[in-house]
file protein36.cif (mmCIF, C-alpha atoms)
data_upload
#
loop_
_atom_site.group_PDB
_atom_site.id
_atom_site.type_symbol
_atom_site.label_atom_id
_atom_site.label_comp_id
_atom_site.auth_asym_id
_atom_site.auth_seq_id
_atom_site.Cartn_x
_atom_site.Cartn_y
_atom_site.Cartn_z
ATOM 1 C CA ARG A 175 34.446 15.003 -28.506
ATOM 2 C CA PRO A 176 33.757 15.935 -24.915
ATOM 3 C CA ALA A 177 30.280 14.960 -23.772
ATOM 4 C CA LYS A 178 27.769 17.720 -23.201
ATOM 5 C CA ARG A 179 26.879 18.275 -19.580
ATOM 6 C CA LYS A 180 23.219 18.257 -18.736
ATOM 7 C CA SER A 181 21.902 20.073 -15.702
ATOM 8 C CA VAL A 182 19.654 18.314 -13.226
ATOM 9 C CA ASP A 183 16.158 18.001 -14.647
ATOM 10 C CA TRP A 184 14.046 18.683 -11.584
ATOM 11 C CA THR A 185 10.869 18.640 -13.633
ATOM 12 C CA SER A 186 11.285 15.005 -14.682
ATOM 13 C CA LEU A 187 11.978 14.087 -11.060
ATOM 14 C CA PHE A 188 8.407 15.034 -10.175
ATOM 15 C CA THR A 189 6.553 14.374 -13.418
ATOM 16 C CA ALA A 190 7.796 10.767 -13.340
ATOM 17 C CA LEU A 191 5.465 10.187 -10.388
ATOM 18 C CA GLY A 192 2.548 10.610 -12.781
ATOM 19 C CA ARG A 193 3.535 7.584 -14.840
ATOM 20 C CA PRO A 194 1.105 4.709 -14.097
ATOM 21 C CA VAL A 195 3.646 2.062 -13.050
ATOM 22 C CA THR A 196 6.952 3.893 -12.799
ATOM 23 C CA GLY A 197 5.514 6.495 -10.441
ATOM 24 C CA ARG A 198 4.310 3.859 -7.990
ATOM 25 C CA ILE A 199 7.664 2.086 -8.017
ATOM 26 C CA LEU A 200 9.507 5.365 -7.398
ATOM 27 C CA LEU A 201 7.250 6.019 -4.405
ATOM 28 C CA MET A 202 7.995 2.508 -3.130
ATOM 29 C CA THR A 203 11.717 3.221 -3.401
ATOM 30 C CA PHE A 204 11.303 6.458 -1.480
ATOM 31 C CA PHE A 205 9.291 4.968 1.381
ATOM 32 C CA ASN A 206 11.447 1.858 1.518
ATOM 33 C CA GLY A 207 14.533 4.015 1.988
ATOM 34 C CA PHE A 208 12.696 6.443 4.260
ATOM 35 C CA THR A 209 11.540 3.780 6.719
ATOM 36 C CA PHE A 210 14.966 2.138 6.786
ATOM 37 C CA THR A 211 16.796 5.400 7.535
ATOM 38 C CA ILE A 212 14.274 6.146 10.286
ATOM 39 C CA PHE A 213 15.191 2.777 11.775
ATOM 40 C CA THR A 214 18.966 3.179 11.427
ATOM 41 C CA PHE A 215 18.910 6.588 13.111
ATOM 42 C CA ALA A 216 16.630 5.446 15.952
ATOM 43 C CA PHE A 217 18.445 2.135 16.392
ATOM 44 C CA GLN A 218 21.524 3.619 18.051
ATOM 45 C CA PRO A 219 19.924 5.645 20.881
ATOM 46 C CA PHE A 220 17.409 2.840 21.506
ATOM 47 C CA PHE A 221 20.195 0.248 21.702
ATOM 48 C CA ILE A 222 22.240 2.313 24.149
ATOM 49 C CA ASN A 223 19.644 4.143 26.243
ATOM 50 C CA VAL A 224 16.769 1.650 26.346
ATOM 51 C CA LEU A 225 18.612 -1.676 26.120
ATOM 52 C CA GLY A 226 21.538 -0.438 28.231
ATOM 53 C CA GLN A 227 24.258 -1.480 25.803
ATOM 54 C CA ASP A 228 27.551 0.238 24.959
ATOM 55 C CA ALA A 229 29.274 1.386 21.767
ATOM 56 C CA LYS A 230 31.227 -1.873 21.450
ATOM 57 C CA ASN A 231 28.078 -4.010 21.386
ATOM 58 C CA LEU A 232 26.502 -1.504 19.004
ATOM 59 C CA ALA A 233 29.379 -2.022 16.562
ATOM 60 C CA ILE A 234 29.039 -5.802 16.884
ATOM 61 C CA ALA A 235 25.300 -5.538 16.178
ATOM 62 C CA PHE A 236 25.928 -3.506 13.028
ATOM 63 C CA VAL A 237 28.542 -5.973 11.780
ATOM 64 C CA ALA A 238 26.274 -8.954 12.448
ATOM 65 C CA PHE A 239 23.399 -7.185 10.722
ATOM 66 C CA GLY A 240 25.537 -6.506 7.655
ATOM 67 C CA VAL A 241 26.850 -10.080 7.468
ATOM 68 C CA LEU A 242 23.329 -11.526 7.683
ATOM 69 C CA ALA A 243 22.103 -9.194 4.943
ATOM 70 C CA PHE A 244 25.041 -10.207 2.740
ATOM 71 C CA LEU A 245 24.430 -13.930 3.271
ATOM 72 C CA SER A 246 20.698 -13.498 2.734
ATOM 73 C CA GLN A 247 21.180 -11.902 -0.682
ATOM 74 C CA ILE A 248 23.608 -14.637 -1.742
ATOM 75 C CA PHE A 249 21.803 -17.749 -0.537
ATOM 76 C CA PHE A 250 18.099 -16.907 -0.179
ATOM 77 C CA LEU A 251 17.075 -14.175 -2.605
ATOM 78 C CA GLU A 252 17.590 -16.002 -5.889
ATOM 79 C CA PRO A 253 15.910 -19.292 -4.807
ATOM 80 C CA LEU A 254 12.880 -17.307 -3.633
ATOM 81 C CA ARG A 255 12.732 -15.405 -6.916
ATOM 82 C CA LYS A 256 12.750 -18.680 -8.831
ATOM 83 C CA ARG A 257 9.970 -20.189 -6.749
ATOM 84 C CA PHE A 258 7.706 -17.165 -6.348
ATOM 85 C CA SER A 259 6.984 -14.033 -8.365
ATOM 86 C CA ILE A 260 9.113 -10.981 -7.647
ATOM 87 C CA VAL A 261 6.121 -8.999 -6.395
ATOM 88 C CA ASN A 262 5.071 -11.772 -3.987
ATOM 89 C CA VAL A 263 8.577 -11.989 -2.527
ATOM 90 C CA LEU A 264 8.663 -8.199 -2.172
ATOM 91 C CA VAL A 265 5.288 -8.084 -0.405
ATOM 92 C CA GLY A 266 6.318 -10.882 1.962
ATOM 93 C CA ALA A 267 9.628 -9.185 2.777
ATOM 94 C CA LEU A 268 7.938 -5.856 3.458
ATOM 95 C CA VAL A 269 5.309 -7.424 5.711
ATOM 96 C CA ALA A 270 7.989 -9.285 7.666
ATOM 97 C CA ARG A 271 10.102 -6.146 7.977
ATOM 98 C CA GLY A 272 7.146 -4.072 9.136
ATOM 99 C CA VAL A 273 6.185 -6.625 11.799
ATOM 100 C CA LEU A 274 9.788 -6.782 13.023
ATOM 101 C CA PHE A 275 9.873 -2.985 13.315
ATOM 102 C CA LEU A 276 6.760 -3.122 15.495
ATOM 103 C CA LEU A 277 8.063 -5.957 17.672
ATOM 104 C CA MET A 278 11.441 -4.390 18.481
ATOM 105 C CA PRO A 279 10.191 -1.732 20.919
ATOM 106 C CA ALA A 280 7.493 -4.099 22.213
ATOM 107 C CA LEU A 281 10.173 -6.492 23.523
ATOM 108 C CA PRO A 282 12.774 -4.138 25.027
ATOM 109 C CA ASN A 283 15.395 -6.623 26.199
ATOM 110 C CA ILE A 284 18.689 -7.434 24.537
ATOM 111 C CA VAL A 285 17.998 -11.138 23.936
ATOM 112 C CA ALA A 286 14.682 -10.599 22.161
ATOM 113 C CA PHE A 287 16.052 -7.579 20.313
ATOM 114 C CA SER A 288 19.061 -9.578 19.069
ATOM 115 C CA VAL A 289 16.814 -12.341 17.722
ATOM 116 C CA LEU A 290 14.542 -9.825 16.001
ATOM 117 C CA LEU A 291 17.546 -7.985 14.588
ATOM 118 C CA GLY A 292 18.836 -11.263 13.149
ATOM 119 C CA PHE A 293 15.585 -11.909 11.313
ATOM 120 C CA PHE A 294 15.507 -8.277 10.247
ATOM 121 C CA GLY A 295 18.973 -8.590 8.722
ATOM 122 C CA LEU A 296 17.762 -11.545 6.658
ATOM 123 C CA VAL A 297 14.589 -9.960 5.245
ATOM 124 C CA ASN A 298 15.807 -6.379 4.912
ATOM 125 C CA ALA A 299 18.220 -7.375 2.148
ATOM 126 C CA PHE A 300 15.332 -8.207 -0.190
ATOM 127 C CA PRO A 301 13.210 -5.090 -0.902
ATOM 128 C CA MET A 302 15.622 -2.794 -2.740
ATOM 129 C CA PRO A 303 17.042 -5.369 -5.219
ATOM 130 C CA LEU A 304 13.486 -6.574 -5.903
ATOM 131 C CA ILE A 305 12.202 -3.035 -6.471
ATOM 132 C CA ASP A 306 15.079 -2.422 -8.893
ATOM 133 C CA SER A 307 14.216 -5.637 -10.744
ATOM 134 C CA ILE A 308 10.542 -4.718 -10.994
ATOM 135 C CA LEU A 309 11.398 -1.245 -12.250
ATOM 136 C CA SER A 310 13.775 -2.659 -14.849
ATOM 137 C CA THR A 311 11.228 -5.160 -16.178
ATOM 138 C CA ARG A 312 8.340 -2.666 -16.190
ATOM 139 C CA SER A 313 10.173 0.018 -18.185
ATOM 140 C CA GLY A 314 11.096 0.075 -21.863
ATOM 141 C CA GLN A 315 14.653 -0.571 -22.974
ATOM 142 C CA SER A 316 15.089 2.995 -24.211
ATOM 143 C CA GLU A 317 14.076 4.516 -20.854
ATOM 144 C CA GLN A 318 15.702 2.104 -18.405
ATOM 145 C CA GLY A 319 18.695 4.363 -17.810
ATOM 146 C CA GLU A 320 16.460 7.323 -17.076
ATOM 147 C CA VAL A 321 14.081 5.538 -14.700
ATOM 148 C CA LEU A 322 16.876 3.785 -12.817
ATOM 149 C CA GLY A 323 18.558 7.155 -12.378
ATOM 150 C CA LEU A 324 15.307 8.626 -11.072
ATOM 151 C CA ASN A 325 14.988 5.646 -8.744
ATOM 152 C CA ALA A 326 18.453 6.306 -7.322
ATOM 153 C CA SER A 327 17.508 9.971 -6.854
ATOM 154 C CA TYR A 328 14.415 9.097 -4.824
ATOM 155 C CA LEU A 329 16.453 6.719 -2.686
ATOM 156 C CA SER A 330 18.999 9.480 -2.034
ATOM 157 C CA ILE A 331 16.243 11.923 -1.073
ATOM 158 C CA SER A 332 14.779 9.416 1.374
ATOM 159 C CA ASN A 333 18.208 8.800 2.888
ATOM 160 C CA ALA A 334 18.675 12.546 3.321
ATOM 161 C CA ILE A 335 15.427 13.377 5.106
ATOM 162 C CA GLY A 336 14.876 10.113 7.017
ATOM 163 C CA PRO A 337 17.376 10.829 9.823
ATOM 164 C CA ALA A 338 16.002 14.329 10.381
ATOM 165 C CA ILE A 339 12.442 13.011 10.676
ATOM 166 C CA SER A 340 13.602 10.208 12.955
ATOM 167 C CA GLY A 341 15.420 12.668 15.213
ATOM 168 C CA LEU A 342 12.315 14.811 15.443
ATOM 169 C CA ILE A 343 10.174 11.788 16.333
ATOM 170 C CA VAL A 344 12.635 10.695 19.042
ATOM 171 C CA THR A 345 12.729 14.205 20.501
ATOM 172 C CA VAL A 346 8.951 14.600 20.611
ATOM 173 C CA LEU A 347 7.671 11.054 21.211
ATOM 174 C CA GLY A 348 10.566 9.052 22.656
ATOM 175 C CA TYR A 349 12.962 6.278 21.622
ATOM 176 C CA SER A 350 10.343 3.706 20.637
ATOM 177 C CA ALA A 351 8.207 5.923 18.423
ATOM 178 C CA PRO A 352 10.363 5.744 15.256
ATOM 179 C CA PHE A 353 10.010 1.959 15.250
ATOM 180 C CA TRP A 354 6.213 2.268 15.399
ATOM 181 C CA VAL A 355 6.204 4.821 12.571
ATOM 182 C CA ALA A 356 8.586 2.792 10.405
ATOM 183 C CA GLY A 357 6.608 -0.398 11.056
ATOM 184 C CA ALA A 358 3.238 1.116 10.209
ATOM 185 C CA LEU A 359 4.568 2.739 7.028
ATOM 186 C CA THR A 360 6.279 -0.476 5.928
ATOM 187 C CA VAL A 361 3.112 -2.552 6.353
ATOM 188 C CA LYS A 362 1.215 0.075 4.344
ATOM 189 C CA LEU A 363 3.976 -0.091 1.736
ATOM 190 C CA ALA A 364 3.437 -3.848 1.443
ATOM 191 C CA GLY A 365 -0.213 -3.195 0.679
ATOM 192 C CA PHE A 366 0.836 -0.637 -1.907
ATOM 193 C CA ALA A 367 3.143 -3.236 -3.505
ATOM 194 C CA LEU A 368 0.137 -5.536 -3.943
ATOM 195 C CA THR A 369 -1.199 -3.148 -6.571
ATOM 196 C CA LEU A 370 1.706 -4.174 -8.798
ATOM 197 C CA ARG A 371 0.679 -7.831 -8.514
ATOM 198 C CA LYS A 372 -2.928 -7.030 -9.350
ATOM 199 C CA GLU A 373 -1.774 -5.082 -12.368
ATOM 200 C CA SER A 374 0.359 -8.009 -13.543
ATOM 201 C CA GLU A 375 -2.619 -10.342 -13.254
ATOM 202 C CA ARG A 376 -4.781 -7.897 -15.214
ATOM 203 C CA VAL A 377 -2.179 -7.639 -18.000
ATOM 204 C CA GLN A 378 -1.868 -11.419 -18.226
ATOM 205 C CA GLN A 379 -5.657 -11.835 -18.503
ATOM 206 C CA SER A 380 -6.064 -9.170 -21.208
#
call {"tool": "encode", "arguments": {"input": "protein36.cif", "output": "structure tokens"}}
result
Amino acid sequence: RPAKRKSVDWTSLFTALGRPVTGRILLMTFFNGFTFTIFTFAFQPFFINVLGQDAKNLAIAFVAFGVLAFLSQIFFLEPLRKRFSIVNVLVGALVARGVLFLLMPALPNIVAFSVLLGFFGLVNAFPMPLIDSILSTRSGQSEQGEVLGLNASYLSISNAIGPAISGLIVTVLGYSAPFWVAGALTVKLAGFALTLRKESERVQQS
């Protein structure tokens, strides 16, 4: 029998934010994606207009960034997860990413920027898989499909509006401003992620 089609449930998209743990994780997904899309949109004009590079070097930078992220997930993510708790690794990755965002416009030369971008490629591969893992372990088996779908929806929303916000920031405040905004929000997001660790400790003690 053909499956019944279900229309988009916009109500659940918003009411899910009221769930004690799931809502916080969905917000983390949104702001994680939001800050990254702000960076990716601002990265190109900053690289060309501030650092004086061309489209060829921009393509090389993107490829190198992608390769580092790929290698980081393969070789570093799992050992860190075995040694530390998932929440601790997530908080550390977010703090590192936020600091790197703030340093990029503070050191506007290609050598420093390349080094920072290399470190950024290594740590940026961590947050989203870790958030997915936390969401999966903090939700019941019967609702995992629903909450993971909601999580993907919030990531898509962040990816949709991030570039527009980044373009507005560049237009009003200049090429460096999106990095400052993304950095500040990411550091705040790391503090928000700490609430998940405190909750885990409270559950273990009770």
call {"tool": "closest_residue", "arguments": {"input": "protein36.cif", "among": "A:Leu201, A:Ala356, A:Leu322, A:Ile305", "to": "Met278 in chain A", "atoms": "all atoms listed in the file"}}
result
A:Ala356
call {"tool": "closest_residue", "arguments": {"input": "protein36.cif", "among": "A:Phe188, A:Gly266, A:Lys230, A:Phe244", "to": "Ser327 in chain A", "atoms": "all atoms listed in the file"}}
result
A:Phe188
call {"tool": "closest_residue", "arguments": {"input": "protein36.cif", "among": "A:Thr345, A:Thr196, A:Asn333, A:Ser288", "to": "Gln318 in chain A", "atoms": "all atoms listed in the file"}}
result
A:Thr196
call {"tool": "closest_residue", "arguments": {"input": "protein36.cif", "among": "A:Gly226, A:Phe204, A:Asn325, A:Leu264", "to": "Ala364 in chain A", "atoms": "only C-alpha atoms"}}
result
A:Leu264
call {"tool": "resolve_selection", "arguments": {"input": "protein36.cif", "expression": "the PyMOL selection byres ((chain A and resi 295) around 7)", "output": "short mmCIF file (atom, residue, chain, number, x, y, z; two decimals) with C-alpha atoms, in the frame of the given file"}}
result
data_model
loop_
_atom_site.label_atom_id
_atom_site.label_comp_id
_atom_site.auth_asym_id
_atom_site.auth_seq_id
_atom_site.Cartn_x
_atom_site.Cartn_y
_atom_site.Cartn_z
CA PHE A 239 23.40 -7.18 10.72
CA GLY A 240 25.54 -6.51 7.66
CA LEU A 242 23.33 -11.53 7.68
CA ALA A 243 22.10 -9.19 4.94
CA LEU A 291 17.55 -7.98 14.59
CA GLY A 292 18.84 -11.26 13.15
CA PHE A 293 15.58 -11.91 11.31
CA PHE A 294 15.51 -8.28 10.25
CA LEU A 296 17.76 -11.54 6.66
CA VAL A 297 14.59 -9.96 5.24
CA ASN A 298 15.81 -6.38 4.91
CA ALA A 299 18.22 -7.38 2.15
#
call {"tool": "residues_around", "arguments": {"input": "protein36.cif", "residues": "Ile199 in chain A", "least_positions_apart": "3", "cutoff": "10 Å", "atoms": "only C-alpha atoms", "output": "list in words"}}
result
Leu191, Arg193, Pro194, Val195, Thr196, Met202, Thr203, Phe204, Phe205, Ile305, Asp306, Ile308, Leu309, Arg312, Val321, Asn325, Phe366, Ala367 and Leu370 of chain A
call {"tool": "closest_residue", "arguments": {"input": "protein36.cif", "among": "A:Ile260, A:Ile331, A:Leu368, A:Leu281", "to": "Phe220 in chain A", "atoms": "all atoms listed in the file"}}
result
A:Leu281
call {"tool": "closest_residue", "arguments": {"input": "protein36.cif", "among": "A:Pro303, A:Gly348, A:Gly192, A:Gly341", "to": "Pro279 in chain A", "atoms": "all atoms listed in the file"}}
result
A:Gly348
call {"tool": "atom_distance", "arguments": {"input": "protein36.cif", "atom1": "CA of Gln227 in chain A", "atom2": "CA of Ala267 in chain A"}}
result
28.3 Å
call {"tool": "atom_distance", "arguments": {"input": "protein36.cif", "atom1": "CA of Ile343 in chain A", "atom2": "CA of Ala286 in chain A"}}
result
23.6 Å
call {"tool": "residues_around", "arguments": {"input": "protein36.cif", "residues": "Pro337 in chain A", "least_positions_apart": "4", "cutoff": "6 Å", "atoms": "only C-alpha atoms", "output": "PyMOL selection string"}}
result
chain A and resi 211-212+215
call {"tool": "atom_distance", "arguments": {"input": "protein36.cif", "atom1": "CA of Gly319 in chain A", "atom2": "CA of Asn206 in chain A"}}
result
20.8 Å
call {"tool": "build_atoms", "arguments": {"input": "protein36.cif", "residues": "range 206-232 of chain A", "atoms": "N, CA, C and O atoms", "output": "mmCIF file, in the coordinates of the input"}}
result
data_model
loop_
_atom_site.group_PDB
_atom_site.id
_atom_site.type_symbol
_atom_site.label_atom_id
_atom_site.label_comp_id
_atom_site.auth_asym_id
_atom_site.auth_seq_id
_atom_site.Cartn_x
_atom_site.Cartn_y
_atom_site.Cartn_z
ATOM 1 N N ASN A 206 10.584 2.928 1.049
ATOM 2 C CA ASN A 206 11.447 1.858 1.518
ATOM 3 C C ASN A 206 12.722 2.427 2.143
ATOM 4 O O ASN A 206 13.132 2.031 3.234
ATOM 5 N N GLY A 207 13.346 3.375 1.441
ATOM 6 C CA GLY A 207 14.533 4.015 1.988
ATOM 7 C C GLY A 207 14.229 4.875 3.199
ATOM 8 O O GLY A 207 15.000 4.918 4.162
ATOM 9 N N PHE A 208 13.087 5.553 3.168
ATOM 10 C CA PHE A 208 12.696 6.443 4.260
ATOM 11 C C PHE A 208 12.512 5.671 5.561
ATOM 12 O O PHE A 208 13.019 6.060 6.619
ATOM 13 N N THR A 209 11.777 4.560 5.503
ATOM 14 C CA THR A 209 11.540 3.780 6.719
ATOM 15 C C THR A 209 12.833 3.153 7.246
ATOM 16 O O THR A 209 13.028 3.057 8.460
ATOM 17 N N PHE A 210 13.711 2.747 6.327
ATOM 18 C CA PHE A 210 14.966 2.138 6.786
ATOM 19 C C PHE A 210 15.875 3.168 7.448
ATOM 20 O O PHE A 210 16.514 2.877 8.461
ATOM 21 N N THR A 211 15.946 4.390 6.898
ATOM 22 C CA THR A 211 16.796 5.400 7.535
ATOM 23 C C THR A 211 16.207 5.872 8.862
ATOM 24 O O THR A 211 16.955 6.234 9.776
ATOM 25 N N ILE A 212 14.882 5.874 8.979
ATOM 26 C CA ILE A 212 14.274 6.146 10.286
ATOM 27 C C ILE A 212 14.753 5.121 11.300
ATOM 28 O O ILE A 212 15.134 5.442 12.433
ATOM 29 N N PHE A 213 14.748 3.846 10.886
ATOM 30 C CA PHE A 213 15.191 2.777 11.775
ATOM 31 C C PHE A 213 16.666 2.920 12.142
ATOM 32 O O PHE A 213 17.034 2.815 13.314
ATOM 33 N N THR A 214 17.527 3.140 11.147
ATOM 34 C CA THR A 214 18.966 3.179 11.427
ATOM 35 C C THR A 214 19.327 4.330 12.353
ATOM 36 O O THR A 214 20.240 4.202 13.183
ATOM 37 N N PHE A 215 18.627 5.474 12.221
ATOM 38 C CA PHE A 215 18.910 6.588 13.111
ATOM 39 C C PHE A 215 18.408 6.299 14.524
ATOM 40 O O PHE A 215 19.077 6.611 15.506
ATOM 41 N N ALA A 216 17.218 5.709 14.639
ATOM 42 C CA ALA A 216 16.630 5.446 15.952
ATOM 43 C C ALA A 216 17.272 4.250 16.641
ATOM 44 O O ALA A 216 17.211 4.121 17.871
ATOM 45 N N PHE A 217 17.873 3.363 15.853
ATOM 46 C CA PHE A 217 18.445 2.135 16.392
ATOM 47 C C PHE A 217 19.520 2.417 17.439
ATOM 48 O O PHE A 217 19.560 1.772 18.495
ATOM 49 N N GLN A 218 20.381 3.383 17.158
ATOM 50 C CA GLN A 218 21.524 3.619 18.051
ATOM 51 C C GLN A 218 21.118 4.136 19.430
ATOM 52 O O GLN A 218 21.542 3.563 20.443
ATOM 53 N N PRO A 219 20.323 5.206 19.530
ATOM 54 C CA PRO A 219 19.924 5.645 20.881
ATOM 55 C C PRO A 219 19.059 4.621 21.607
ATOM 56 O O PRO A 219 19.146 4.489 22.832
ATOM 57 N N PHE A 220 18.231 3.875 20.872
ATOM 58 C CA PHE A 220 17.409 2.840 21.506
ATOM 59 C C PHE A 220 18.301 1.739 22.073
ATOM 60 O O PHE A 220 18.106 1.269 23.202
ATOM 61 N N PHE A 221 19.299 1.325 21.295
ATOM 62 C CA PHE A 221 20.195 0.248 21.702
ATOM 63 C C PHE A 221 20.986 0.635 22.947
ATOM 64 O O PHE A 221 21.197 -0.198 23.852
ATOM 65 N N ILE A 222 21.399 1.881 23.029
ATOM 66 C CA ILE A 222 22.240 2.313 24.149
ATOM 67 C C ILE A 222 21.405 2.742 25.351
ATOM 68 O O ILE A 222 21.664 2.323 26.489
ATOM 69 N N ASN A 223 20.381 3.547 25.128
ATOM 70 C CA ASN A 223 19.644 4.143 26.243
ATOM 71 C C ASN A 223 18.513 3.273 26.777
ATOM 72 O O ASN A 223 18.211 3.315 27.975
ATOM 73 N N VAL A 224 17.875 2.499 25.906
ATOM 74 C CA VAL A 224 16.769 1.650 26.346
ATOM 75 C C VAL A 224 17.256 0.253 26.716
ATOM 76 O O VAL A 224 16.877 -0.296 27.754
ATOM 77 N N LEU A 225 18.109 -0.320 25.868
ATOM 78 C CA LEU A 225 18.612 -1.676 26.120
ATOM 79 C C LEU A 225 19.843 -1.691 27.026
ATOM 80 O O LEU A 225 20.281 -2.768 27.436
ATOM 81 N N GLY A 226 20.412 -0.529 27.310
ATOM 82 C CA GLY A 226 21.538 -0.438 28.231
ATOM 83 C C GLY A 226 22.840 -1.009 27.699
ATOM 84 O O GLY A 226 23.678 -1.483 28.478
ATOM 85 N N GLN A 227 23.046 -0.950 26.411
ATOM 86 C CA GLN A 227 24.258 -1.480 25.803
ATOM 87 C C GLN A 227 25.280 -0.362 25.589
ATOM 88 O O GLN A 227 24.986 0.813 25.795
ATOM 89 N N ASP A 228 26.503 -0.753 25.178
ATOM 90 C CA ASP A 228 27.551 0.238 24.959
ATOM 91 C C ASP A 228 27.934 0.296 23.480
ATOM 92 O O ASP A 228 27.389 -0.437 22.645
ATOM 93 N N ALA A 229 28.878 1.168 23.159
ATOM 94 C CA ALA A 229 29.274 1.386 21.767
ATOM 95 C C ALA A 229 29.907 0.136 21.155
ATOM 96 O O ALA A 229 29.761 -0.113 19.951
ATOM 97 N N LYS A 230 30.603 -0.652 21.961
ATOM 98 C CA LYS A 230 31.227 -1.873 21.450
ATOM 99 C C LYS A 230 30.168 -2.864 20.971
ATOM 100 O O LYS A 230 30.271 -3.419 19.864
ATOM 101 N N ASN A 231 29.161 -3.101 21.792
ATOM 102 C CA ASN A 231 28.078 -4.010 21.386
ATOM 103 C C ASN A 231 27.276 -3.454 20.209
ATOM 104 O O ASN A 231 26.771 -4.223 19.381
ATOM 105 N N LEU A 232 27.184 -2.122 20.139
ATOM 106 C CA LEU A 232 26.502 -1.504 19.004
ATOM 107 C C LEU A 232 27.247 -1.819 17.700
ATOM 108 O O LEU A 232 26.633 -2.160 16.692
#
